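Below is one structure, written out as structure tokens; comments come after it.
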Amino acid sequence: MSTFEILLEQIGLFVIYLLAGVILIKAKVLSSEMLEAISRYVVKMALPILVFVNITDGVEKTTLIHLVPILFITAGFYFFMLFCGFGMTKLFHLKGDKAGIFQAMSMFGNVGFMGIPIITSIFPQNGILYISVFTIIDQFMLWTLGVKFTTPQGEGKFNPKKLINPATVAILLAVVLVLIEIRVPELLDMGLQKIGGTASPLAMIYVGGIFASIHITKYLKEFALYGIVLTKMIIAPVLMFMILGLLSISEEIRLTMSLIAGMPVMTSVVMMANTSGSDGDYAMGGVFITTVCSIITLPFICWFLQCIL
């Protein structure tokens, strides 16, 4: 299968999982409390295990040293989106908590729930490693600027302990095992693969369940959210691809970073906003609009980038 066909297949699966989440909520099989339990399981166990297993199973020691440039590329991407987000808050006259939430949505994409299954399907050998290196900067920015933007004005504070979470621990542990060339026992590896395999379906079922609980029409009229679709999910991936073409990096990394840049809004923005007492409903609207639009934008970006390769 071609890269475009693999991406279409993954998008099709996401749609099925999303619809399953909607149906389960509407049929009262799942409740909001059960959705939160699913979210905690995915974030704290399934997703970290998925990352860990994919690194330990598919990455060689020699490939690690060639990926340092991804750190700088990722940092540059976040500062670019920070600038774009600030500009759009002025353009759409957003103020207060809503402006902060908007900037967080402009910066942070759904790398865990959507990026990992898409990239690992396209590049099964090294895809997860590229995402893992990206995640190092992603998590640092999320728990610094992300905390600032998703809390009411004047209350956001950086807590270094937040950088230590299941995802970062899984990445660091996996990288250490690869560097010292220790393999996970076969039976344990098989069990971890099965657990990690539940991450993507359950994550999207959770998102679909959340969508079934919100007033959709209210957010369809929020034109500022379409600004995120245009800048983050269309313009940013194309710019990323063109800029990376000027550097001496592989086409695989170039396409991976561009697709990651075009992911819809991260669902963690909603959780962080709700926890801090900020405008979590607005964040949920952003996740809804961008996730639905990604069904079209991600295949389009993939097709367009391959056309200009």
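Residues are referred to by chain and number: the chain letter is A, B, ... according to the order shown in the structure tokens, the number counts from 1 in that chain, and ligands are numbered separately from 1 in the order shown.
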So which residues touch Ile49 in chain A within 8 Å, counting only C-alpha atoms, skipping near sequence neighbours fewer than 3 positions away, as number ranges by chain? A: 45-46, 52-53, 170, 192-193, 195-196
Output as a Markdown table one row per residue of range 49-142 of chain A within 12 Å of range 211-222 of chain A: the closest atom pair and its distance in Å to one decimal place, counting only C-alpha atoms, sorted by chain and residue number ascending.
| residue | atom | partner | partner_atom | distance |
| --- | --- | --- | --- | --- |
| A:Phe92 | CA | A:Glu222 | CA | 10.1 |
| A:Leu94 | CA | A:Glu222 | CA | 11.4 |
| A:Lys98 | CA | A:Glu222 | CA | 11.9 |
| A:Phe102 | CA | A:Glu222 | CA | 11.5 |
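For the pair CA of Ala167 in chain A and CA of Val43 in chain A, the interatomic distance is 7.8 Å.
Between Lys95 in chain A and the residues A:Phe149, A:Phe123, A:Tyr206, A:Phe14, the shortest atom-to-atom distance, using only C-alpha atoms, involves A:Phe149.
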With only C-alpha atoms counted and 10 Å as the cut-off, give the residues of range 32-54 of chain A in contact with range 104-115 of chain A, each with its shortest interatomic distance in Å and the pair that gives it, as CSV.
residue,atom,partner,partner_atom,distance
A:Val42,CA,A:Phe113,CA,8.9
A:Val43,CA,A:Gly112,CA,8.6
A:Leu47,CA,A:Gly112,CA,7.1
A:Pro48,CA,A:Gly112,CA,9.2
A:Leu50,CA,A:Gly112,CA,9.9
A:Val51,CA,A:Gly112,CA,9.2
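CA of Met81 in chain A is positioned 10.9 Å from CA of Met233 in chain A.
Across the structure, CA of Ala273 in chain A and CA of Ala99 in chain A are spaced 12.3 Å apart.
Comparing the minimum interatomic distances between Ala37 in chain A and each of A:Leu246, A:Ala20, A:Ala203, A:Ile116, counting only C-alpha atoms, we find that A:Ala203 sits nearest.
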Select from range 75-146 of chain A everything DSSP, run on the backbone, classes as alpha helix (DSSP H), then give the selection as an MDAnalysis selection string. chainID A and resid 75:91 96:107 116:122 127:141
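Residues with any atom within 10 Å of Pro69 in chain A, counting only C-alpha atoms and excluding same-chain neighbours fewer than 2 positions away, are A:Ile65, A:His66, A:Leu67, A:Leu71, A:Phe72, A:Ile73, A:Thr74, A:Val133, A:Leu247, A:Ser248, A:Ile249.
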Let me make sure I understand: among A:Thr3, A:Ser200, A:Thr150, A:Gln125, which one has the smallest atom-to-atom distance to Cys307 in chain A if we use only C-alpha atoms? A:Thr3
Within 12 Å of Glu33 in chain A, counting only C-alpha atoms, which residues qualify if same-chain residues fewer than 6 places away don't, as a ChimeraX atom specification? /A:25,39-40,206,209-210
Which residues, written as a ChimeraX atom specification, have at least one atom at most 10 Å from Leu142 in chain A, with only C-alpha atoms counted and residues fewer than 2 positions away on the same chain left out? /A:104,107-108,135,137-140,144-150,158,162-163,268-269,272
May I have the residues from that selection written out with C-alpha atoms, as a PDB file, in the first residue's frame?
ATOM      1  CA  ALA A 104      -2.863  26.320  23.506  1.00  0.00           C
ATOM      2  CA  MET A 107       0.224  24.891  19.504  1.00  0.00           C
ATOM      3  CA  PHE A 108      -0.604  21.381  20.664  1.00  0.00           C
ATOM      4  CA  THR A 135       7.368  14.270  22.315  1.00  0.00           C
ATOM      5  CA  ILE A 137       9.867  18.975  23.304  1.00  0.00           C
ATOM      6  CA  ASP A 138       6.095  18.555  23.108  1.00  0.00           C
ATOM      7  CA  GLN A 139       5.809  17.549  26.775  1.00  0.00           C
ATOM      8  CA  PHE A 140       8.146  20.308  27.922  1.00  0.00           C
ATOM      9  CA  THR A 144       5.198  25.041  30.721  1.00  0.00           C
ATOM     10  CA  LEU A 145       3.408  27.242  28.174  1.00  0.00           C
ATOM     11  CA  GLY A 146       0.476  24.821  27.996  1.00  0.00           C
ATOM     12  CA  VAL A 147      -0.171  25.176  31.723  1.00  0.00           C
ATOM     13  CA  LYS A 148       0.089  28.953  31.441  1.00  0.00           C
ATOM     14  CA  PHE A 149      -2.409  29.148  28.597  1.00  0.00           C
ATOM     15  CA  THR A 150      -4.996  26.718  30.001  1.00  0.00           C
ATOM     16  CA  PHE A 158       5.275  25.726  35.908  1.00  0.00           C
ATOM     17  CA  LYS A 162       4.614  17.448  35.578  1.00  0.00           C
ATOM     18  CA  LEU A 163       7.429  16.644  33.146  1.00  0.00           C
ATOM     19  CA  SER A 268      -5.242  17.101  26.855  1.00  0.00           C
ATOM     20  CA  VAL A 269      -5.930  20.823  26.376  1.00  0.00           C
ATOM     21  CA  MET A 272      -6.068  20.778  31.577  1.00  0.00           C
TER      22      MET A 272
END
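With only C-alpha atoms taken into account, the protein and nucleic acid residues at most 9 Å from Cys302 in chain A (excluding it and anything under 6 positions from it in its own chain) are Thr3, Phe4, Leu7, Leu255, Ser258 and Leu259 of chain A.
Closest to Gly100 in chain A among A:Met190, A:Thr168, A:Val270, A:Phe86 is A:Phe86, based on only C-alpha atoms.
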Using only C-alpha atoms, the shortest atom-to-atom distance to Met242 in chain A among A:Val229, A:Val292, A:Ile205, A:Leu305 belongs to A:Leu305
